[in-house]
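Asker: Quick one, target-v3.pdb (PDB, N, CA and C atoms):
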```
ATOM      1  N   MET A 203      15.098   2.632   9.446
ATOM      2  CA  MET A 203      16.369   2.123   9.029
ATOM      3  C   MET A 203      16.325   0.600   9.019
ATOM      4  N   LYS A 204      16.915  -0.001   7.990
ATOM      5  CA  LYS A 204      17.001  -1.454   7.878
ATOM      6  C   LYS A 204      18.430  -1.902   8.154
ATOM      7  N   LYS A 205      18.541  -3.066   8.788
ATOM      8  CA  LYS A 205      19.852  -3.640   9.058
ATOM      9  C   LYS A 205      19.753  -5.149   8.872
ATOM     10  N   THR A 206      20.800  -5.750   8.339
ATOM     11  CA  THR A 206      20.835  -7.182   8.093
ATOM     12  C   THR A 206      21.726  -7.865   9.125
ATOM     13  N   TYR A 207      21.231  -8.982   9.656
ATOM     14  CA  TYR A 207      21.956  -9.747  10.670
ATOM     15  C   TYR A 207      22.102 -11.189  10.208
ATOM     16  N   ASN A 208      23.223 -11.795  10.550
ATOM     17  CA  ASN A 208      23.408 -13.219  10.311
ATOM     18  C   ASN A 208      22.674 -13.991  11.395
ATOM     19  N   ILE A 209      22.082 -15.103  10.993
ATOM     20  CA  ILE A 209      21.375 -15.958  11.942
ATOM     21  C   ILE A 209      21.829 -17.395  11.749
ATOM     22  N   GLU A 210      21.466 -18.227  12.699
ATOM     23  CA  GLU A 210      21.691 -19.660  12.582
ATOM     24  C   GLU A 210      20.413 -20.346  13.013
ATOM     25  N   VAL A 211      19.777 -21.018  12.056
ATOM     26  CA  VAL A 211      18.509 -21.694  12.316
ATOM     27  C   VAL A 211      18.484 -22.968  11.468
ATOM     28  N   ASP A 212      17.878 -24.030  12.006
ATOM     29  CA  ASP A 212      17.969 -25.357  11.390
ATOM     30  C   ASP A 212      16.911 -25.674  10.341
ATOM     31  N   CYS A 213      15.752 -25.034  10.386
ATOM     32  CA  CYS A 213      14.703 -25.388   9.427
ATOM     33  C   CYS A 213      13.879 -24.154   9.056
ATOM     34  N   ALA A 214      13.185 -24.258   7.933
ATOM     35  CA  ALA A 214      12.388 -23.141   7.429
ATOM     36  C   ALA A 214      11.239 -22.792   8.373
ATOM     37  N   ASN A 215      10.635 -23.791   8.992
ATOM     38  CA  ASN A 215       9.552 -23.534   9.931
ATOM     39  C   ASN A 215      10.052 -22.736  11.132
ATOM     40  N   CYS A 216      11.229 -23.074  11.615
ATOM     41  CA  CYS A 216      11.823 -22.334  12.732
ATOM     42  C   CYS A 216      12.135 -20.893  12.314
ATOM     43  N   ALA A 217      12.581 -20.719  11.078
ATOM     44  CA  ALA A 217      12.856 -19.381  10.566
ATOM     45  C   ALA A 217      11.575 -18.547  10.543
ATOM     46  N   ASN A 218      10.457 -19.154  10.165
ATOM     47  CA  ASN A 218       9.168 -18.453  10.183
ATOM     48  C   ASN A 218       8.773 -18.057  11.592
ATOM     49  N   LYS A 219       9.023 -18.934  12.555
ATOM     50  CA  LYS A 219       8.730 -18.613  13.960
ATOM     51  C   LYS A 219       9.580 -17.434  14.429
ATOM     52  N   MET A 220      10.847 -17.436  14.028
ATOM     53  CA  MET A 220      11.736 -16.326  14.397
ATOM     54  C   MET A 220      11.250 -15.014  13.784
ATOM     55  N   GLU A 221      10.834 -15.061  12.530
ATOM     56  CA  GLU A 221      10.345 -13.868  11.846
ATOM     57  C   GLU A 221       9.126 -13.306  12.574
ATOM     58  N   ASP A 222       8.182 -14.165  12.932
ATOM     59  CA  ASP A 222       6.986 -13.723  13.660
ATOM     60  C   ASP A 222       7.344 -13.135  15.018
ATOM     61  N   ALA A 223       8.263 -13.788  15.735
ATOM     62  CA  ALA A 223       8.670 -13.296  17.052
ATOM     63  C   ALA A 223       9.345 -11.934  16.936
ATOM     64  N   ALA A 224      10.178 -11.760  15.921
ATOM     65  CA  ALA A 224      10.869 -10.487  15.728
ATOM     66  C   ALA A 224       9.878  -9.382  15.380
ATOM     67  N   ARG A 225       8.902  -9.689  14.528
ATOM     68  CA  ARG A 225       7.905  -8.683  14.139
ATOM     69  C   ARG A 225       7.083  -8.190  15.329
ATOM     70  N   ARG A 226       6.872  -9.056  16.307
ATOM     71  CA  ARG A 226       6.081  -8.682  17.484
ATOM     72  C   ARG A 226       6.891  -7.916  18.530
ATOM     73  N   THR A 227       8.183  -7.756  18.296
ATOM     74  CA  THR A 227       9.054  -7.075  19.247
ATOM     75  C   THR A 227       8.877  -5.571  19.147
ATOM     76  N   GLU A 228       8.754  -4.923  20.284
ATOM     77  CA  GLU A 228       8.616  -3.466  20.316
ATOM     78  C   GLU A 228       9.853  -2.818  19.709
ATOM     79  N   GLY A 229       9.645  -1.866  18.832
ATOM     80  CA  GLY A 229      10.737  -1.172  18.171
ATOM     81  C   GLY A 229      11.014  -1.693  16.769
ATOM     82  N   VAL A 230      10.401  -2.825  16.413
ATOM     83  CA  VAL A 230      10.585  -3.408  15.079
ATOM     84  C   VAL A 230       9.395  -3.014  14.212
ATOM     85  N   LYS A 231       9.688  -2.393  13.083
ATOM     86  CA  LYS A 231       8.646  -2.023  12.139
ATOM     87  C   LYS A 231       8.297  -3.200  11.241
ATOM     88  N   ASP A 232       9.333  -3.920  10.779
ATOM     89  CA  ASP A 232       9.129  -5.094   9.925
ATOM     90  C   ASP A 232      10.367  -5.976  10.009
ATOM     91  N   CYS A 233      10.187  -7.239   9.686
ATOM     92  CA  CYS A 233      11.288  -8.193   9.716
ATOM     93  C   CYS A 233      11.063  -9.256   8.653
ATOM     94  N   THR A 234      12.149  -9.643   7.997
ATOM     95  CA  THR A 234      12.129 -10.730   7.029
ATOM     96  C   THR A 234      13.288 -11.657   7.339
ATOM     97  N   VAL A 235      12.998 -12.956   7.415
ATOM     98  CA  VAL A 235      14.038 -13.949   7.629
ATOM     99  C   VAL A 235      14.173 -14.774   6.353
ATOM    100  N   ASN A 236      15.396 -14.881   5.855
ATOM    101  CA  ASN A 236      15.693 -15.695   4.686
ATOM    102  C   ASN A 236      16.426 -16.936   5.170
ATOM    103  N   PHE A 237      15.718 -18.058   5.210
ATOM    104  CA  PHE A 237      16.291 -19.303   5.726
ATOM    105  C   PHE A 237      17.476 -19.764   4.886
ATOM    106  N   MET A 238      17.360 -19.711   3.576
ATOM    107  CA  MET A 238      18.427 -20.204   2.706
ATOM    108  C   MET A 238      19.718 -19.396   2.855
ATOM    109  N   MET A 239      19.596 -18.099   3.035
ATOM    110  CA  MET A 239      20.768 -17.235   3.184
ATOM    111  C   MET A 239      21.205 -17.088   4.639
ATOM    112  N   GLN A 240      20.365 -17.581   5.569
ATOM    113  CA  GLN A 240      20.650 -17.452   7.003
ATOM    114  C   GLN A 240      20.837 -15.977   7.384
ATOM    115  N   LYS A 241      19.864 -15.159   6.938
ATOM    116  CA  LYS A 241      19.892 -13.712   7.186
ATOM    117  C   LYS A 241      18.556 -13.244   7.748
ATOM    118  N   MET A 242      18.615 -12.232   8.590
ATOM    119  CA  MET A 242      17.429 -11.564   9.123
ATOM    120  C   MET A 242      17.571 -10.083   8.795
ATOM    121  N   ILE A 243      16.578  -9.536   8.103
ATOM    122  CA  ILE A 243      16.566  -8.109   7.781
ATOM    123  C   ILE A 243      15.519  -7.461   8.669
ATOM    124  N   VAL A 244      15.976  -6.543   9.503
ATOM    125  CA  VAL A 244      15.099  -5.879  10.464
ATOM    126  C   VAL A 244      14.977  -4.412  10.099
ATOM    127  N   GLU A 245      13.739  -3.942  10.023
ATOM    128  CA  GLU A 245      13.475  -2.516   9.840
ATOM    129  C   GLU A 245      12.993  -1.981  11.180
ATOM    130  N   PHE A 246      13.697  -0.993  11.686
ATOM    131  CA  PHE A 246      13.406  -0.446  13.001
ATOM    132  C   PHE A 246      12.434   0.723  12.920
ATOM    133  N   GLN A 247      11.633   0.881  13.964
ATOM    134  CA  GLN A 247      10.771   2.052  14.064
ATOM    135  C   GLN A 247      11.649   3.273  14.304
ATOM    136  N   GLU A 248      11.168   4.409  13.849
ATOM    137  CA  GLU A 248      11.933   5.642  14.008
ATOM    138  C   GLU A 248      12.173   5.938  15.488
ATOM    139  N   GLY A 249      13.404   6.267  15.810
ATOM    140  CA  GLY A 249      13.767   6.608  17.181
ATOM    141  C   GLY A 249      14.102   5.419  18.067
ATOM    142  N   ALA A 250      13.991   4.211  17.547
ATOM    143  CA  ALA A 250      14.271   3.017  18.346
ATOM    144  C   ALA A 250      15.781   2.820  18.487
ATOM    145  N   ASP A 251      16.210   2.363  19.661
ATOM    146  CA  ASP A 251      17.611   2.042  19.907
ATOM    147  C   ASP A 251      17.884   0.637  19.361
ATOM    148  N   ARG A 252      18.647   0.560  18.268
ATOM    149  CA  ARG A 252      18.872  -0.716  17.585
ATOM    150  C   ARG A 252      19.427  -1.799  18.507
ATOM    151  N   ASN A 253      20.389  -1.450  19.349
ATOM    152  CA  ASN A 253      21.023  -2.460  20.199
ATOM    153  C   ASN A 253      20.051  -3.078  21.195
ATOM    154  N   SER A 254      19.274  -2.256  21.864
ATOM    155  CA  SER A 254      18.330  -2.801  22.848
ATOM    156  C   SER A 254      17.190  -3.549  22.162
ATOM    157  N   VAL A 255      16.749  -3.045  21.007
ATOM    158  CA  VAL A 255      15.695  -3.742  20.265
ATOM    159  C   VAL A 255      16.196  -5.117  19.826
ATOM    160  N   MET A 256      17.425  -5.197  19.336
ATOM    161  CA  MET A 256      17.953  -6.481  18.875
ATOM    162  C   MET A 256      18.188  -7.456  20.024
ATOM    163  N   GLU A 257      18.507  -6.981  21.189
ATOM    164  CA  GLU A 257      18.598  -7.866  22.358
ATOM    165  C   GLU A 257      17.227  -8.474  22.645
ATOM    166  N   ASN A 258      16.180  -7.649  22.545
ATOM    167  CA  ASN A 258      14.817  -8.146  22.745
ATOM    168  C   ASN A 258      14.410  -9.109  21.630
ATOM    169  N   VAL A 259      14.814  -8.811  20.391
ATOM    170  CA  VAL A 259      14.532  -9.715  19.275
ATOM    171  C   VAL A 259      15.189 -11.061  19.542
ATOM    172  N   ARG A 260      16.448 -11.041  19.941
ATOM    173  CA  ARG A 260      17.170 -12.287  20.224
ATOM    174  C   ARG A 260      16.458 -13.086  21.316
ATOM    175  N   ASN A 261      16.066 -12.420  22.393
ATOM    176  CA  ASN A 261      15.367 -13.100  23.489
ATOM    177  C   ASN A 261      14.037 -13.685  23.030
ATOM    178  N   ASN A 262      13.286 -12.923  22.242
ATOM    179  CA  ASN A 262      11.998 -13.408  21.746
ATOM    180  C   ASN A 262      12.173 -14.593  20.800
ATOM    181  N   CYS A 263      13.193 -14.552  19.971
ATOM    182  CA  CYS A 263      13.459 -15.672  19.064
ATOM    183  C   CYS A 263      13.856 -16.921  19.855
ATOM    184  N   LYS A 264      14.640 -16.743  20.901
ATOM    185  CA  LYS A 264      15.049 -17.879  21.731
ATOM    186  C   LYS A 264      13.853 -18.518  22.432
ATOM    187  N   ARG A 265      12.827 -17.733  22.716
ATOM    188  CA  ARG A 265      11.627 -18.284  23.365
ATOM    189  C   ARG A 265      10.872 -19.229  22.444
ATOM    190  N   VAL A 266      10.846 -18.933  21.159
ATOM    191  CA  VAL A 266      10.099 -19.779  20.215
ATOM    192  C   VAL A 266      10.970 -20.868  19.608
ATOM    193  N   GLU A 267      12.286 -20.650  19.559
ATOM    194  CA  GLU A 267      13.209 -21.641  19.006
ATOM    195  C   GLU A 267      14.530 -21.548  19.769
ATOM    196  N   SER A 268      14.663 -22.384  20.781
ATOM    197  CA  SER A 268      15.762 -22.256  21.735
ATOM    198  C   SER A 268      17.151 -22.450  21.131
ATOM    199  N   ASP A 269      17.274 -23.206  20.033
ATOM    200  CA  ASP A 269      18.614 -23.432  19.490
ATOM    201  C   ASP A 269      18.967 -22.501  18.324
ATOM    202  N   CYS A 270      18.168 -21.478  18.092
ATOM    203  CA  CYS A 270      18.490 -20.506  17.045
ATOM    204  C   CYS A 270      19.489 -19.497  17.581
ATOM    205  N   GLU A 271      20.085 -18.748  16.664
ATOM    206  CA  GLU A 271      21.030 -17.698  17.057
ATOM    207  C   GLU A 271      20.870 -16.511  16.131
ATOM    208  N   VAL A 272      20.946 -15.315  16.736
ATOM    209  CA  VAL A 272      20.950 -14.064  15.986
ATOM    210  C   VAL A 272      22.252 -13.377  16.365
ATOM    211  N   PHE A 273      23.112 -13.151  15.380
ATOM    212  CA  PHE A 273      24.403 -12.554  15.637
ATOM    213  C   PHE A 273      24.315 -11.044  15.494
ATOM    214  N   ILE A 274      24.468 -10.370  16.605
ATOM    215  CA  ILE A 274      24.310  -8.905  16.644
ATOM    216  C   ILE A 274      25.673  -8.237  16.504
TER     217      ILE A 274
END
```
Could you render the structure as structure tokens?
Answerer:
Amino acid sequence: MKKTYNIEVDCANCANKMEDAARRTEGVKDCTVNFMMQKMIVEFQEGADRNSVMENVRNNCKRVESDCEVFI
């Protein structure tokens, strides 16, 4: 299942870091970050709990870019 989330990020390089961090998160099958639209599209692995996975995605993104935001 894919779901789109609003994000807040200041530069394209930071958006790439967020995308990589999200892809490495357990429960995420794939992730695409669109810097211009300020959107993150996350495809979840089958059976994954979206809420807990997105909390982990948010935490992982904050580790690589502390001033970014993922609105869940």
Asker: Rank A:Thr206, A:Gln247, A:Ser268, A:Gln240 by their smallest atom-to-atom distance to A:Thr227, using only C-alpha atoms, and report the top residue only.
Answerer: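 So, comparing all the options, the nearest one is A:Gln247.
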Asker: Kindly indicate which residue among A:Ala214, A:Met242, A:Val230, A:Ala223 lies nearest to A:Asn261, using only N, CA and C atoms for the distances.
Answerer: A:Ala223
Asker: Kindly indicate which residue among A:Ile209, A:Ser254, A:Phe246, A:Asn262 lies nearest to A:Asp222, using only N, CA and C atoms for the distances.
Answerer: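 Ranked by minimum distance to A:Asp222, first place goes to A:Asn262.
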Asker: Just give me the gap between atom CA of A:Lys231 and atom N of A:Asp212 in Å, one decimal is fine.
Answerer: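 Value for the atom CA of A:Lys231-atom N of A:Asp212 distance: 23.9 Å.
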Asker: Enumerate, as a JSON list (two decimals) with N, CA and C atoms, in the coordinates of the input, the residues matched when the PyMOL selection byres (((chain A and resi 272 and name CA) around 12) and name CA) is run on the file above.
Answerer:
```json
[["chain", "number", "residue", "atom", "x", "y", "z"],
["A", 206, "THR", "N", 20.80, -5.75, 8.34],
["A", 206, "THR", "CA", 20.84, -7.18, 8.09],
["A", 206, "THR", "C", 21.73, -7.86, 9.12],
["A", 207, "TYR", "N", 21.23, -8.98, 9.66],
["A", 207, "TYR", "CA", 21.96, -9.75, 10.67],
["A", 207, "TYR", "C", 22.10, -11.19, 10.21],
["A", 208, "ASN", "N", 23.22, -11.80, 10.55],
["A", 208, "ASN", "CA", 23.41, -13.22, 10.31],
["A", 208, "ASN", "C", 22.67, -13.99, 11.40],
["A", 209, "ILE", "N", 22.08, -15.10, 10.99],
["A", 209, "ILE", "CA", 21.38, -15.96, 11.94],
["A", 209, "ILE", "C", 21.83, -17.40, 11.75],
["A", 210, "GLU", "N", 21.47, -18.23, 12.70],
["A", 210, "GLU", "CA", 21.69, -19.66, 12.58],
["A", 210, "GLU", "C", 20.41, -20.35, 13.01],
["A", 211, "VAL", "N", 19.78, -21.02, 12.06],
["A", 211, "VAL", "CA", 18.51, -21.69, 12.32],
["A", 211, "VAL", "C", 18.48, -22.97, 11.47],
["A", 217, "ALA", "N", 12.58, -20.72, 11.08],
["A", 217, "ALA", "CA", 12.86, -19.38, 10.57],
["A", 217, "ALA", "C", 11.58, -18.55, 10.54],
["A", 220, "MET", "N", 10.85, -17.44, 14.03],
["A", 220, "MET", "CA", 11.74, -16.33, 14.40],
["A", 220, "MET", "C", 11.25, -15.01, 13.78],
["A", 221, "GLU", "N", 10.83, -15.06, 12.53],
["A", 221, "GLU", "CA", 10.34, -13.87, 11.85],
["A", 221, "GLU", "C", 9.13, -13.31, 12.57],
["A", 224, "ALA", "N", 10.18, -11.76, 15.92],
["A", 224, "ALA", "CA", 10.87, -10.49, 15.73],
["A", 224, "ALA", "C", 9.88, -9.38, 15.38],
["A", 235, "VAL", "N", 13.00, -12.96, 7.42],
["A", 235, "VAL", "CA", 14.04, -13.95, 7.63],
["A", 235, "VAL", "C", 14.17, -14.77, 6.35],
["A", 240, "GLN", "N", 20.36, -17.58, 5.57],
["A", 240, "GLN", "CA", 20.65, -17.45, 7.00],
["A", 240, "GLN", "C", 20.84, -15.98, 7.38],
["A", 241, "LYS", "N", 19.86, -15.16, 6.94],
["A", 241, "LYS", "CA", 19.89, -13.71, 7.19],
["A", 241, "LYS", "C", 18.56, -13.24, 7.75],
["A", 242, "MET", "N", 18.61, -12.23, 8.59],
["A", 242, "MET", "CA", 17.43, -11.56, 9.12],
["A", 242, "MET", "C", 17.57, -10.08, 8.80],
["A", 243, "ILE", "N", 16.58, -9.54, 8.10],
["A", 243, "ILE", "CA", 16.57, -8.11, 7.78],
["A", 243, "ILE", "C", 15.52, -7.46, 8.67],
["A", 244, "VAL", "N", 15.98, -6.54, 9.50],
["A", 244, "VAL", "CA", 15.10, -5.88, 10.46],
["A", 244, "VAL", "C", 14.98, -4.41, 10.10],
["A", 256, "MET", "N", 17.42, -5.20, 19.34],
["A", 256, "MET", "CA", 17.95, -6.48, 18.88],
["A", 256, "MET", "C", 18.19, -7.46, 20.02],
["A", 257, "GLU", "N", 18.51, -6.98, 21.19],
["A", 257, "GLU", "CA", 18.60, -7.87, 22.36],
["A", 257, "GLU", "C", 17.23, -8.47, 22.64],
["A", 258, "ASN", "N", 16.18, -7.65, 22.54],
["A", 258, "ASN", "CA", 14.82, -8.15, 22.74],
["A", 258, "ASN", "C", 14.41, -9.11, 21.63],
["A", 259, "VAL", "N", 14.81, -8.81, 20.39],
["A", 259, "VAL", "CA", 14.53, -9.72, 19.27],
["A", 259, "VAL", "C", 15.19, -11.06, 19.54],
["A", 260, "ARG", "N", 16.45, -11.04, 19.94],
["A", 260, "ARG", "CA", 17.17, -12.29, 20.22],
["A", 260, "ARG", "C", 16.46, -13.09, 21.32],
["A", 261, "ASN", "N", 16.07, -12.42, 22.39],
["A", 261, "ASN", "CA", 15.37, -13.10, 23.49],
["A", 261, "ASN", "C", 14.04, -13.68, 23.03],
["A", 262, "ASN", "N", 13.29, -12.92, 22.24],
["A", 262, "ASN", "CA", 12.00, -13.41, 21.75],
["A", 262, "ASN", "C", 12.17, -14.59, 20.80],
["A", 263, "CYS", "N", 13.19, -14.55, 19.97],
["A", 263, "CYS", "CA", 13.46, -15.67, 19.06],
["A", 263, "CYS", "C", 13.86, -16.92, 19.86],
["A", 264, "LYS", "N", 14.64, -16.74, 20.90],
["A", 264, "LYS", "CA", 15.05, -17.88, 21.73],
["A", 264, "LYS", "C", 13.85, -18.52, 22.43],
["A", 267, "GLU", "N", 12.29, -20.65, 19.56],
["A", 267, "GLU", "CA", 13.21, -21.64, 19.01],
["A", 267, "GLU", "C", 14.53, -21.55, 19.77],
["A", 268, "SER", "N", 14.66, -22.38, 20.78],
["A", 268, "SER", "CA", 15.76, -22.26, 21.74],
["A", 268, "SER", "C", 17.15, -22.45, 21.13],
["A", 269, "ASP", "N", 17.27, -23.21, 20.03],
["A", 269, "ASP", "CA", 18.61, -23.43, 19.49],
["A", 269, "ASP", "C", 18.97, -22.50, 18.32],
["A", 270, "CYS", "N", 18.17, -21.48, 18.09],
["A", 270, "CYS", "CA", 18.49, -20.51, 17.05],
["A", 270, "CYS", "C", 19.49, -19.50, 17.58],
["A", 271, "GLU", "N", 20.08, -18.75, 16.66],
["A", 271, "GLU", "CA", 21.03, -17.70, 17.06],
["A", 271, "GLU", "C", 20.87, -16.51, 16.13],
["A", 273, "PHE", "N", 23.11, -13.15, 15.38],
["A", 273, "PHE", "CA", 24.40, -12.55, 15.64],
["A", 273, "PHE", "C", 24.32, -11.04, 15.49],
["A", 274, "ILE", "N", 24.47, -10.37, 16.60],
["A", 274, "ILE", "CA", 24.31, -8.90, 16.64],
["A", 274, "ILE", "C", 25.67, -8.24, 16.50]]
```
Asker: How many Å lie between atom CA of A:Val266 and atom CA of A:Met203, rounded to one decimal?
Answerer: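 It comes out at 25.4 Å.
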Asker: Mind pulling up the distance from atom CA of A:Lys204 to atom CA of A:Arg226?
Answerer: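 Taking atom CA of A:Arg226 and atom CA of A:Lys204, their separation equals 16.2 Å.
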